[in-house]
>>> print(open('protein24.cif').read())   # mmCIF, N, CA and C atoms
data_query
loop_
_atom_site.label_atom_id
_atom_site.label_comp_id
_atom_site.auth_asym_id
_atom_site.auth_seq_id
_atom_site.Cartn_x
_atom_site.Cartn_y
_atom_site.Cartn_z
N MET A 1 31.89 -163.93 -130.35
CA MET A 1 30.86 -164.83 -130.83
C MET A 1 29.50 -164.44 -130.24
N ALA A 2 29.47 -164.11 -128.96
CA ALA A 2 28.20 -163.76 -128.31
C ALA A 2 27.60 -162.50 -128.93
N ALA A 3 28.45 -161.56 -129.33
CA ALA A 3 27.95 -160.32 -129.95
C ALA A 3 27.29 -160.63 -131.29
N ARG A 4 27.85 -161.55 -132.04
CA ARG A 4 27.24 -161.91 -133.32
C ARG A 4 25.91 -162.62 -133.12
N ILE A 5 25.86 -163.48 -132.12
CA ILE A 5 24.62 -164.19 -131.82
C ILE A 5 23.55 -163.18 -131.39
N GLU A 6 23.93 -162.22 -130.56
CA GLU A 6 22.97 -161.21 -130.12
C GLU A 6 22.49 -160.36 -131.29
N ALA A 7 23.39 -160.01 -132.20
CA ALA A 7 23.00 -159.22 -133.36
C ALA A 7 22.01 -159.99 -134.23
N LYS A 8 22.25 -161.27 -134.42
CA LYS A 8 21.33 -162.09 -135.22
C LYS A 8 20.00 -162.27 -134.50
N ALA A 9 20.03 -162.40 -133.18
CA ALA A 9 18.78 -162.53 -132.41
C ALA A 9 17.97 -161.24 -132.50
N GLU A 10 18.64 -160.10 -132.41
CA GLU A 10 17.94 -158.82 -132.53
C GLU A 10 17.34 -158.67 -133.93
N LEU A 11 18.07 -159.10 -134.94
CA LEU A 11 17.55 -159.05 -136.31
C LEU A 11 16.30 -159.92 -136.43
N SER A 12 16.38 -161.13 -135.92
CA SER A 12 15.27 -162.08 -136.03
C SER A 12 14.03 -161.59 -135.28
N VAL A 13 14.19 -161.20 -134.03
CA VAL A 13 13.06 -160.76 -133.21
C VAL A 13 12.55 -159.41 -133.72
N GLY A 14 13.45 -158.53 -134.08
CA GLY A 14 13.05 -157.22 -134.59
C GLY A 14 12.25 -157.31 -135.87
N ARG A 15 12.67 -158.21 -136.75
CA ARG A 15 11.93 -158.39 -138.00
C ARG A 15 10.52 -158.91 -137.72
N ALA A 16 10.41 -159.88 -136.83
CA ALA A 16 9.09 -160.42 -136.49
C ALA A 16 8.21 -159.34 -135.85
N CYS A 17 8.80 -158.55 -134.96
CA CYS A 17 8.04 -157.46 -134.34
C CYS A 17 7.64 -156.41 -135.37
N GLY A 18 8.48 -156.18 -136.34
CA GLY A 18 8.15 -155.24 -137.41
C GLY A 18 6.94 -155.68 -138.20
N PHE A 19 6.88 -156.97 -138.53
CA PHE A 19 5.72 -157.48 -139.25
C PHE A 19 4.46 -157.39 -138.38
N GLY A 20 4.61 -157.69 -137.10
CA GLY A 20 3.48 -157.52 -136.18
C GLY A 20 3.04 -156.07 -136.10
N GLY A 21 4.02 -155.16 -136.09
CA GLY A 21 3.72 -153.74 -136.06
C GLY A 21 2.96 -153.28 -137.29
N ILE A 22 3.30 -153.83 -138.44
CA ILE A 22 2.58 -153.49 -139.67
C ILE A 22 1.11 -153.94 -139.55
N ALA A 23 0.90 -155.12 -139.00
CA ALA A 23 -0.48 -155.62 -138.83
C ALA A 23 -1.26 -154.73 -137.86
N ILE A 24 -0.62 -154.34 -136.76
CA ILE A 24 -1.28 -153.48 -135.78
C ILE A 24 -1.58 -152.11 -136.39
N ALA A 25 -0.63 -151.57 -137.12
CA ALA A 25 -0.83 -150.26 -137.76
C ALA A 25 -1.98 -150.33 -138.77
N THR A 26 -2.12 -151.45 -139.45
CA THR A 26 -3.21 -151.62 -140.40
C THR A 26 -4.56 -151.57 -139.68
N PHE A 27 -4.66 -152.24 -138.54
CA PHE A 27 -5.89 -152.17 -137.75
C PHE A 27 -6.16 -150.74 -137.30
N MET A 28 -5.11 -150.04 -136.90
CA MET A 28 -5.29 -148.66 -136.44
C MET A 28 -5.76 -147.75 -137.57
N VAL A 29 -5.22 -147.92 -138.75
CA VAL A 29 -5.63 -147.11 -139.90
C VAL A 29 -7.08 -147.41 -140.26
N ALA A 30 -7.48 -148.66 -140.12
CA ALA A 30 -8.85 -149.05 -140.46
C ALA A 30 -9.87 -148.36 -139.55
N THR A 31 -9.47 -147.99 -138.34
CA THR A 31 -10.39 -147.35 -137.40
C THR A 31 -10.03 -145.88 -137.16
N MET A 32 -9.29 -145.27 -138.06
CA MET A 32 -8.79 -143.91 -137.86
C MET A 32 -9.91 -142.87 -137.81
N THR A 33 -11.08 -143.17 -138.31
CA THR A 33 -12.17 -142.20 -138.24
C THR A 33 -12.61 -141.96 -136.80
N GLU A 34 -12.33 -142.90 -135.91
CA GLU A 34 -12.60 -142.77 -134.48
C GLU A 34 -11.26 -142.87 -133.74
N PRO A 35 -10.55 -141.76 -133.56
CA PRO A 35 -9.21 -141.81 -132.94
C PRO A 35 -9.14 -142.54 -131.60
N PRO A 36 -10.09 -142.35 -130.67
CA PRO A 36 -9.99 -143.11 -129.41
C PRO A 36 -10.00 -144.62 -129.64
N LEU A 37 -10.87 -145.06 -130.54
CA LEU A 37 -10.94 -146.49 -130.86
C LEU A 37 -9.66 -146.95 -131.55
N SER A 38 -9.13 -146.14 -132.42
CA SER A 38 -7.90 -146.48 -133.13
C SER A 38 -6.74 -146.69 -132.15
N PHE A 39 -6.57 -145.75 -131.23
CA PHE A 39 -5.48 -145.87 -130.26
C PHE A 39 -5.74 -147.01 -129.27
N LEU A 40 -6.99 -147.22 -128.91
CA LEU A 40 -7.33 -148.34 -128.03
C LEU A 40 -7.00 -149.67 -128.70
N THR A 41 -7.38 -149.79 -129.97
CA THR A 41 -7.08 -151.00 -130.73
C THR A 41 -5.57 -151.24 -130.79
N GLY A 42 -4.84 -150.18 -131.12
CA GLY A 42 -3.38 -150.30 -131.19
C GLY A 42 -2.78 -150.68 -129.85
N GLY A 43 -3.27 -150.07 -128.77
CA GLY A 43 -2.75 -150.38 -127.45
C GLY A 43 -3.01 -151.80 -127.01
N VAL A 44 -4.22 -152.27 -127.25
CA VAL A 44 -4.57 -153.63 -126.85
C VAL A 44 -3.79 -154.65 -127.67
N LEU A 45 -3.70 -154.44 -128.98
CA LEU A 45 -2.95 -155.38 -129.82
C LEU A 45 -1.46 -155.36 -129.50
N THR A 46 -0.92 -154.20 -129.19
CA THR A 46 0.49 -154.12 -128.82
C THR A 46 0.72 -154.79 -127.47
N LEU A 47 -0.22 -154.67 -126.57
CA LEU A 47 -0.12 -155.37 -125.28
C LEU A 47 -0.18 -156.88 -125.50
N LEU A 48 -1.00 -157.32 -126.42
CA LEU A 48 -1.05 -158.74 -126.77
C LEU A 48 0.31 -159.20 -127.32
N ALA A 49 0.90 -158.38 -128.18
CA ALA A 49 2.24 -158.70 -128.71
C ALA A 49 3.26 -158.79 -127.58
N CYS A 50 3.14 -157.91 -126.59
CA CYS A 50 4.03 -157.94 -125.43
C CYS A 50 3.90 -159.27 -124.69
N PHE A 51 2.69 -159.71 -124.46
CA PHE A 51 2.48 -160.98 -123.77
C PHE A 51 3.02 -162.16 -124.58
N ILE A 52 2.88 -162.10 -125.88
CA ILE A 52 3.43 -163.16 -126.74
C ILE A 52 4.96 -163.17 -126.64
N LEU A 53 5.58 -162.00 -126.62
CA LEU A 53 7.03 -161.92 -126.49
C LEU A 53 7.50 -162.47 -125.15
N ILE A 54 6.75 -162.21 -124.09
CA ILE A 54 7.10 -162.75 -122.78
C ILE A 54 6.99 -164.27 -122.79
N LEU A 55 5.94 -164.79 -123.41
CA LEU A 55 5.78 -166.24 -123.54
C LEU A 55 6.94 -166.84 -124.33
N LYS A 56 7.29 -166.20 -125.45
CA LYS A 56 8.41 -166.69 -126.26
C LYS A 56 9.72 -166.65 -125.47
N ALA A 57 9.88 -165.62 -124.63
CA ALA A 57 11.09 -165.51 -123.81
C ALA A 57 11.18 -166.68 -122.83
N ASN A 58 10.06 -167.06 -122.25
CA ASN A 58 10.06 -168.17 -121.31
C ASN A 58 10.30 -169.51 -121.98
N LEU A 59 9.91 -169.62 -123.24
CA LEU A 59 10.10 -170.87 -123.97
C LEU A 59 11.46 -170.96 -124.67
N ALA A 60 12.11 -169.82 -124.88
CA ALA A 60 13.35 -169.77 -125.68
C ALA A 60 14.44 -170.73 -125.21
N PRO A 61 14.70 -170.87 -123.91
CA PRO A 61 15.77 -171.79 -123.50
C PRO A 61 15.47 -173.25 -123.81
N HIS A 62 14.22 -173.58 -124.07
CA HIS A 62 13.83 -174.97 -124.29
C HIS A 62 13.65 -175.33 -125.77
N VAL A 63 13.67 -174.32 -126.64
CA VAL A 63 13.53 -174.58 -128.07
C VAL A 63 14.88 -175.10 -128.59
N PRO A 64 14.89 -176.21 -129.31
CA PRO A 64 16.16 -176.72 -129.83
C PRO A 64 16.86 -175.65 -130.68
N TYR A 65 18.13 -175.40 -130.37
CA TYR A 65 18.85 -174.31 -131.02
C TYR A 65 18.92 -174.45 -132.53
N LYS A 66 18.90 -175.67 -133.03
CA LYS A 66 18.97 -175.87 -134.49
C LYS A 66 17.66 -175.49 -135.18
N ARG A 67 16.60 -175.30 -134.42
CA ARG A 67 15.31 -174.91 -135.00
C ARG A 67 15.05 -173.42 -134.90
N THR A 68 16.05 -172.66 -134.45
CA THR A 68 15.86 -171.21 -134.31
C THR A 68 16.37 -170.50 -135.56
N GLU A 69 15.79 -169.35 -135.82
CA GLU A 69 16.24 -168.54 -136.95
C GLU A 69 17.64 -168.01 -136.70
N VAL A 70 17.98 -167.80 -135.44
CA VAL A 70 19.33 -167.31 -135.11
C VAL A 70 20.38 -168.29 -135.61
N TRP A 71 20.16 -169.55 -135.40
CA TRP A 71 21.11 -170.58 -135.84
C TRP A 71 21.26 -170.55 -137.36
N LEU A 72 20.15 -170.38 -138.05
CA LEU A 72 20.19 -170.35 -139.51
C LEU A 72 20.88 -169.08 -140.03
N LEU A 73 20.74 -167.98 -139.31
CA LEU A 73 21.35 -166.71 -139.74
C LEU A 73 22.85 -166.67 -139.50
N LEU A 74 23.33 -167.44 -138.52
CA LEU A 74 24.75 -167.42 -138.20
C LEU A 74 25.56 -168.10 -139.30
N ASP A 75 26.70 -167.50 -139.63
CA ASP A 75 27.64 -168.16 -140.55
C ASP A 75 28.15 -169.42 -139.86
N LYS A 76 28.51 -170.39 -140.64
CA LYS A 76 28.99 -171.65 -140.07
C LYS A 76 30.20 -171.43 -139.16
N ALA A 77 31.05 -170.46 -139.50
CA ALA A 77 32.24 -170.18 -138.69
C ALA A 77 31.88 -169.52 -137.37
N ASP A 78 30.71 -168.85 -137.30
CA ASP A 78 30.31 -168.14 -136.09
C ASP A 78 29.44 -168.99 -135.16
N ARG A 79 29.08 -170.18 -135.58
CA ARG A 79 28.22 -171.02 -134.77
C ARG A 79 29.00 -171.62 -133.60
N PRO A 80 28.41 -171.57 -132.40
CA PRO A 80 29.10 -172.15 -131.24
C PRO A 80 29.06 -173.68 -131.30
N ARG A 81 29.92 -174.29 -130.49
CA ARG A 81 29.92 -175.76 -130.41
C ARG A 81 28.59 -176.24 -129.86
N ALA A 82 28.21 -177.43 -130.24
CA ALA A 82 26.92 -177.98 -129.82
C ALA A 82 26.79 -178.07 -128.31
N THR A 83 27.91 -178.22 -127.61
CA THR A 83 27.86 -178.37 -126.14
C THR A 83 27.38 -177.09 -125.44
N VAL A 84 27.63 -175.93 -126.04
CA VAL A 84 27.22 -174.67 -125.41
C VAL A 84 26.16 -173.93 -126.21
N ALA A 85 25.86 -174.40 -127.40
CA ALA A 85 24.94 -173.68 -128.30
C ALA A 85 23.55 -173.52 -127.69
N GLN A 86 23.02 -174.59 -127.10
CA GLN A 86 21.66 -174.52 -126.54
C GLN A 86 21.58 -173.46 -125.44
N GLN A 87 22.53 -173.49 -124.53
CA GLN A 87 22.51 -172.52 -123.43
C GLN A 87 22.70 -171.10 -123.94
N LEU A 88 23.68 -170.91 -124.81
CA LEU A 88 24.03 -169.57 -125.27
C LEU A 88 22.91 -168.96 -126.11
N ILE A 89 22.43 -169.69 -127.10
CA ILE A 89 21.38 -169.16 -127.98
C ILE A 89 20.07 -168.99 -127.20
N GLY A 90 19.74 -169.94 -126.34
CA GLY A 90 18.53 -169.82 -125.53
C GLY A 90 18.56 -168.61 -124.62
N ARG A 91 19.71 -168.36 -123.98
CA ARG A 91 19.84 -167.22 -123.07
C ARG A 91 19.76 -165.90 -123.83
N VAL A 92 20.47 -165.82 -124.95
CA VAL A 92 20.46 -164.58 -125.73
C VAL A 92 19.06 -164.30 -126.28
N LEU A 93 18.40 -165.31 -126.81
CA LEU A 93 17.04 -165.12 -127.33
C LEU A 93 16.09 -164.68 -126.22
N ARG A 94 16.23 -165.26 -125.04
CA ARG A 94 15.38 -164.87 -123.91
C ARG A 94 15.56 -163.40 -123.58
N GLU A 95 16.81 -162.95 -123.51
CA GLU A 95 17.08 -161.55 -123.21
C GLU A 95 16.52 -160.61 -124.28
N VAL A 96 16.68 -160.97 -125.54
CA VAL A 96 16.20 -160.13 -126.63
C VAL A 96 14.67 -160.09 -126.64
N TYR A 97 14.02 -161.24 -126.45
CA TYR A 97 12.56 -161.25 -126.38
C TYR A 97 12.06 -160.35 -125.26
N LEU A 98 12.70 -160.42 -124.10
CA LEU A 98 12.26 -159.59 -122.97
C LEU A 98 12.50 -158.11 -123.23
N ARG A 99 13.59 -157.77 -123.90
CA ARG A 99 13.85 -156.36 -124.22
C ARG A 99 12.78 -155.84 -125.17
N PHE A 100 12.44 -156.62 -126.20
CA PHE A 100 11.41 -156.19 -127.14
C PHE A 100 10.03 -156.18 -126.47
N ALA A 101 9.80 -157.06 -125.49
CA ALA A 101 8.55 -157.03 -124.74
C ALA A 101 8.44 -155.73 -123.95
N LEU A 102 9.56 -155.26 -123.41
CA LEU A 102 9.56 -153.98 -122.70
C LEU A 102 9.25 -152.84 -123.65
N TYR A 103 9.83 -152.87 -124.84
CA TYR A 103 9.52 -151.84 -125.85
C TYR A 103 8.03 -151.87 -126.19
N ALA A 104 7.49 -153.07 -126.38
CA ALA A 104 6.07 -153.21 -126.73
C ALA A 104 5.18 -152.72 -125.59
N ALA A 105 5.55 -153.02 -124.35
CA ALA A 105 4.76 -152.57 -123.21
C ALA A 105 4.76 -151.04 -123.13
N SER A 106 5.91 -150.43 -123.39
CA SER A 106 5.99 -148.96 -123.36
C SER A 106 5.12 -148.35 -124.45
N LEU A 107 5.18 -148.92 -125.64
CA LEU A 107 4.36 -148.42 -126.75
C LEU A 107 2.87 -148.63 -126.45
N ALA A 108 2.53 -149.78 -125.89
CA ALA A 108 1.12 -150.05 -125.55
C ALA A 108 0.62 -149.03 -124.53
N LEU A 109 1.44 -148.71 -123.55
CA LEU A 109 1.04 -147.72 -122.56
C LEU A 109 0.80 -146.36 -123.22
N ALA A 110 1.70 -145.97 -124.11
CA ALA A 110 1.54 -144.68 -124.80
C ALA A 110 0.26 -144.66 -125.64
N LEU A 111 -0.03 -145.74 -126.34
CA LEU A 111 -1.23 -145.80 -127.16
C LEU A 111 -2.50 -145.77 -126.30
N LEU A 112 -2.47 -146.48 -125.19
CA LEU A 112 -3.65 -146.50 -124.31
C LEU A 112 -3.87 -145.14 -123.65
N VAL A 113 -2.79 -144.47 -123.27
CA VAL A 113 -2.92 -143.11 -122.72
C VAL A 113 -3.47 -142.17 -123.78
N ALA A 114 -2.99 -142.29 -125.02
CA ALA A 114 -3.51 -141.46 -126.11
C ALA A 114 -5.00 -141.71 -126.31
N SER A 115 -5.43 -142.95 -126.18
CA SER A 115 -6.84 -143.27 -126.31
C SER A 115 -7.67 -142.56 -125.24
N VAL A 116 -7.18 -142.57 -124.02
CA VAL A 116 -7.89 -141.89 -122.93
C VAL A 116 -7.92 -140.39 -123.17
N VAL A 117 -6.81 -139.82 -123.60
CA VAL A 117 -6.75 -138.38 -123.86
C VAL A 117 -7.74 -137.99 -124.95
N PHE A 118 -7.80 -138.77 -126.01
CA PHE A 118 -8.75 -138.47 -127.09
C PHE A 118 -10.19 -138.59 -126.61
N ARG A 119 -10.45 -139.49 -125.70
CA ARG A 119 -11.82 -139.62 -125.16
C ARG A 119 -12.20 -138.40 -124.31
N LEU A 120 -11.21 -137.80 -123.67
CA LEU A 120 -11.48 -136.65 -122.79
C LEU A 120 -11.60 -135.33 -123.54
N LEU A 121 -11.06 -135.28 -124.75
CA LEU A 121 -11.13 -134.04 -125.54
C LEU A 121 -12.57 -133.80 -125.99
N PRO A 122 -12.98 -132.53 -126.02
CA PRO A 122 -14.35 -132.24 -126.52
C PRO A 122 -14.42 -132.54 -128.03
N ARG A 123 -15.56 -133.06 -128.42
CA ARG A 123 -15.78 -133.40 -129.83
C ARG A 123 -16.18 -132.16 -130.62
N ALA A 124 -15.60 -132.03 -131.79
CA ALA A 124 -15.99 -130.93 -132.69
C ALA A 124 -17.26 -131.37 -133.43
N VAL A 125 -18.18 -130.46 -133.58
CA VAL A 125 -19.45 -130.79 -134.23
C VAL A 125 -19.39 -130.48 -135.70
#
>>> encode(input="protein24.cif", output="structure tokens")
Amino acid sequence: MAARIEAKAELSVGRACGFGGIAIATFMVATMTEPPLSFLTGGVLTLLACFILILKANLAPHVPYKRTEVWLLLDKADRPRATVAQQLIGRVLREVYLRFALYAASLALALLVASVVFRLLPRAV
């Protein structure tokens, strides 16, 4: 049961992060004529997404389990009893949010380093 809950939590958080990634990529494409600015924009926005994921991770154990997308995605047969559902779903969501926050932090670091590298490269005239 816990594996199914984790799979649904990864689907839910991953999908949300994917939509956020599309928005960030759109901002980066809009500023692509200035690569340092593009990578800086992407890095800062991805870092913001990381902080939002950390905030969501801290709030996850307190969100009523029936109001989570994970609960809605679970088949009725796979849903845990109400006595353990809050703890189980809250804990799994917290872990998944933190894992995706780590992914976002790593990507933000790479984008910010790329921004610095592009600033250091000589400009072609």
>>> resolve_selection(input="protein24.cif", expression="the PyMOL selection byres (((chain A and resi 107-117 and name CA) around 6) and name CA)", output="PDB file with N, CA and C atoms, in the coordinates of the input")
ATOM      1  N   PRO A  36     -10.090-142.350-130.670  1.00  0.00           N
ATOM      2  CA  PRO A  36      -9.990-143.110-129.410  1.00  0.00           C
ATOM      3  C   PRO A  36     -10.000-144.620-129.640  1.00  0.00           C
ATOM      4  N   PHE A  39      -6.570-145.750-131.230  1.00  0.00           N
ATOM      5  CA  PHE A  39      -5.480-145.870-130.260  1.00  0.00           C
ATOM      6  C   PHE A  39      -5.740-147.010-129.270  1.00  0.00           C
ATOM      7  N   LEU A  40      -6.990-147.220-128.910  1.00  0.00           N
ATOM      8  CA  LEU A  40      -7.330-148.340-128.030  1.00  0.00           C
ATOM      9  C   LEU A  40      -7.000-149.670-128.700  1.00  0.00           C
ATOM     10  N   GLY A  43      -3.270-150.070-128.770  1.00  0.00           N
ATOM     11  CA  GLY A  43      -2.750-150.380-127.450  1.00  0.00           C
ATOM     12  C   GLY A  43      -3.010-151.800-127.010  1.00  0.00           C
ATOM     13  N   THR A  46      -0.920-154.200-129.190  1.00  0.00           N
ATOM     14  CA  THR A  46       0.490-154.120-128.820  1.00  0.00           C
ATOM     15  C   THR A  46       0.720-154.790-127.470  1.00  0.00           C
ATOM     16  N   LEU A  47      -0.220-154.670-126.570  1.00  0.00           N
ATOM     17  CA  LEU A  47      -0.120-155.370-125.280  1.00  0.00           C
ATOM     18  C   LEU A  47      -0.180-156.880-125.500  1.00  0.00           C
ATOM     19  N   ALA A 104       7.490-153.070-126.380  1.00  0.00           N
ATOM     20  CA  ALA A 104       6.070-153.210-126.730  1.00  0.00           C
ATOM     21  C   ALA A 104       5.180-152.720-125.590  1.00  0.00           C
ATOM     22  N   ALA A 105       5.550-153.020-124.350  1.00  0.00           N
ATOM     23  CA  ALA A 105       4.760-152.570-123.210  1.00  0.00           C
ATOM     24  C   ALA A 105       4.760-151.040-123.130  1.00  0.00           C
ATOM     25  N   SER A 106       5.910-150.430-123.390  1.00  0.00           N
ATOM     26  CA  SER A 106       5.990-148.960-123.360  1.00  0.00           C
ATOM     27  C   SER A 106       5.120-148.350-124.450  1.00  0.00           C
ATOM     28  N   PHE A 118      -7.800-138.770-126.010  1.00  0.00           N
ATOM     29  CA  PHE A 118      -8.750-138.470-127.090  1.00  0.00           C
ATOM     30  C   PHE A 118     -10.190-138.590-126.610  1.00  0.00           C
ATOM     31  N   ARG A 119     -10.450-139.490-125.700  1.00  0.00           N
ATOM     32  CA  ARG A 119     -11.820-139.620-125.160  1.00  0.00           C
ATOM     33  C   ARG A 119     -12.200-138.400-124.310  1.00  0.00           C
ATOM     34  N   LEU A 120     -11.210-137.800-123.670  1.00  0.00           N
ATOM     35  CA  LEU A 120     -11.480-136.650-122.790  1.00  0.00           C
ATOM     36  C   LEU A 120     -11.600-135.330-123.540  1.00  0.00           C
TER      37      LEU A 120
END
>>> select_by_dssp(input="protein24.cif", residues="range 27-124 of chain A", states="alpha helix (DSSP H)", output="count of residues only")
73
>>> atom_distance(input="protein24.cif", atom1="CA of Leu98 in chain A", atom2="atom N of Ala85 in chain A")
20.6 Å
>>> residues_around(input="protein24.cif", residues="range 67-70 of chain A", least_positions_apart="6", cutoff="6.5 Å", atoms="all atoms listed in the file", output="VMD selection string")
chain A and resid 8 to 9 12
>>> closest_residue(input="protein24.cif", among="A:Cys17, A:Leu121, A:Ile89, A:Met1", to="Leu53 in chain A", atoms="only C-alpha atoms")
A:Cys17
>>> atom_distance(input="protein24.cif", atom1="atom C of Glu6 in chain A", atom2="atom N of Tyr97 in chain A")
9.8 Å
>>> residues_around(input="protein24.cif", residues="Cys50 in chain A", least_positions_apart="5", cutoff="6.5 Å", atoms="all atoms listed in the file", output="PyMOL selection string")
chain A and resi 45+55+100-102+104-105
>>> atom_distance(input="protein24.cif", atom1="CA of Ala60 in chain A", atom2="atom C of Gly42 in chain A")
25.3 Å
>>> closest_residue(input="protein24.cif", among="A:Lys66, A:Ala82, A:Ala57, A:Leu73", to="Arg94 in chain A", atoms="all atoms listed in the file")
A:Ala57
>>> decode(input="protein24.cif", residues="range 6-14 of chain A", atoms="all heavy atoms", output="PDB file, in the first residue's frame")
ATOM      1  N   GLU A   6       3.209   6.178  -2.529  1.00  0.00           N
ATOM      2  CA  GLU A   6       4.402   6.911  -2.965  1.00  0.00           C
ATOM      3  C   GLU A   6       4.382   7.144  -4.467  1.00  0.00           C
ATOM      4  O   GLU A   6       4.741   8.233  -4.940  1.00  0.00           O
ATOM      5  CB  GLU A   6       5.674   6.158  -2.571  1.00  0.00           C
ATOM      6  CG  GLU A   6       6.903   6.954  -2.895  1.00  0.00           C
ATOM      7  CD  GLU A   6       8.155   6.417  -2.239  1.00  0.00           C
ATOM      8  OE1 GLU A   6       8.056   5.553  -1.360  1.00  0.00           O
ATOM      9  OE2 GLU A   6       9.230   6.897  -2.615  1.00  0.00           O
ATOM     10  N   ALA A   7       3.942   6.156  -5.235  1.00  0.00           N
ATOM     11  CA  ALA A   7       3.870   6.320  -6.688  1.00  0.00           C
ATOM     12  C   ALA A   7       2.887   7.429  -7.058  1.00  0.00           C
ATOM     13  O   ALA A   7       3.174   8.250  -7.948  1.00  0.00           O
ATOM     14  CB  ALA A   7       3.459   5.006  -7.345  1.00  0.00           C
ATOM     15  N   LYS A   8       1.755   7.466  -6.391  1.00  0.00           N
ATOM     16  CA  LYS A   8       0.766   8.519  -6.667  1.00  0.00           C
ATOM     17  C   LYS A   8       1.279   9.886  -6.217  1.00  0.00           C
ATOM     18  O   LYS A   8       1.031  10.898  -6.878  1.00  0.00           O
ATOM     19  CB  LYS A   8      -0.571   8.213  -5.985  1.00  0.00           C
ATOM     20  CG  LYS A   8      -1.235   6.932  -6.441  1.00  0.00           C
ATOM     21  CD  LYS A   8      -1.526   6.913  -7.916  1.00  0.00           C
ATOM     22  CE  LYS A   8      -2.247   5.631  -8.284  1.00  0.00           C
ATOM     23  NZ  LYS A   8      -2.515   5.492  -9.694  1.00  0.00           N
ATOM     24  N   ALA A   9       2.016   9.930  -5.106  1.00  0.00           N
ATOM     25  CA  ALA A   9       2.582  11.198  -4.639  1.00  0.00           C
ATOM     26  C   ALA A   9       3.632  11.700  -5.625  1.00  0.00           C
ATOM     27  O   ALA A   9       3.679  12.894  -5.933  1.00  0.00           O
ATOM     28  CB  ALA A   9       3.184  11.026  -3.250  1.00  0.00           C
ATOM     29  N   GLU A  10       4.461  10.793  -6.140  1.00  0.00           N
ATOM     30  CA  GLU A  10       5.463  11.195  -7.133  1.00  0.00           C
ATOM     31  C   GLU A  10       4.793  11.695  -8.408  1.00  0.00           C
ATOM     32  O   GLU A  10       5.255  12.666  -9.008  1.00  0.00           O
ATOM     33  CB  GLU A  10       6.391  10.028  -7.442  1.00  0.00           C
ATOM     34  CG  GLU A  10       7.370   9.737  -6.335  1.00  0.00           C
ATOM     35  CD  GLU A  10       8.247   8.537  -6.621  1.00  0.00           C
ATOM     36  OE1 GLU A  10       8.063   7.873  -7.667  1.00  0.00           O
ATOM     37  OE2 GLU A  10       9.130   8.263  -5.796  1.00  0.00           O
ATOM     38  N   LEU A  11       3.712  11.043  -8.809  1.00  0.00           N
ATOM     39  CA  LEU A  11       2.975  11.492  -9.986  1.00  0.00           C
ATOM     40  C   LEU A  11       2.415  12.894  -9.760  1.00  0.00           C
ATOM     41  O   LEU A  11       2.561  13.778 -10.613  1.00  0.00           O
ATOM     42  CB  LEU A  11       1.840  10.511 -10.306  1.00  0.00           C
ATOM     43  CG  LEU A  11       0.880  10.920 -11.415  1.00  0.00           C
ATOM     44  CD1 LEU A  11       1.593  10.898 -12.762  1.00  0.00           C
ATOM     45  CD2 LEU A  11      -0.324  10.004 -11.430  1.00  0.00           C
ATOM     46  N   SER A  12       1.808  13.108  -8.615  1.00  0.00           N
ATOM     47  CA  SER A  12       1.185  14.392  -8.308  1.00  0.00           C
ATOM     48  C   SER A  12       2.216  15.523  -8.233  1.00  0.00           C
ATOM     49  O   SER A  12       2.058  16.566  -8.884  1.00  0.00           O
ATOM     50  CB  SER A  12       0.437  14.281  -6.979  1.00  0.00           C
ATOM     51  OG  SER A  12      -0.059  15.520  -6.569  1.00  0.00           O
ATOM     52  N   VAL A  13       3.276  15.317  -7.467  1.00  0.00           N
ATOM     53  CA  VAL A  13       4.295  16.355  -7.293  1.00  0.00           C
ATOM     54  C   VAL A  13       5.084  16.535  -8.591  1.00  0.00           C
ATOM     55  O   VAL A  13       5.389  17.665  -8.995  1.00  0.00           O
ATOM     56  CB  VAL A  13       5.222  16.019  -6.112  1.00  0.00           C
ATOM     57  CG1 VAL A  13       6.350  17.024  -5.997  1.00  0.00           C
ATOM     58  CG2 VAL A  13       4.430  15.976  -4.810  1.00  0.00           C
ATOM     59  N   GLY A  14       5.395  15.443  -9.255  1.00  0.00           N
ATOM     60  CA  GLY A  14       6.133  15.522 -10.515  1.00  0.00           C
ATOM     61  C   GLY A  14       5.373  16.280 -11.584  1.00  0.00           C
ATOM     62  O   GLY A  14       5.955  17.068 -12.333  1.00  0.00           O
TER      63      GLY A  14
END
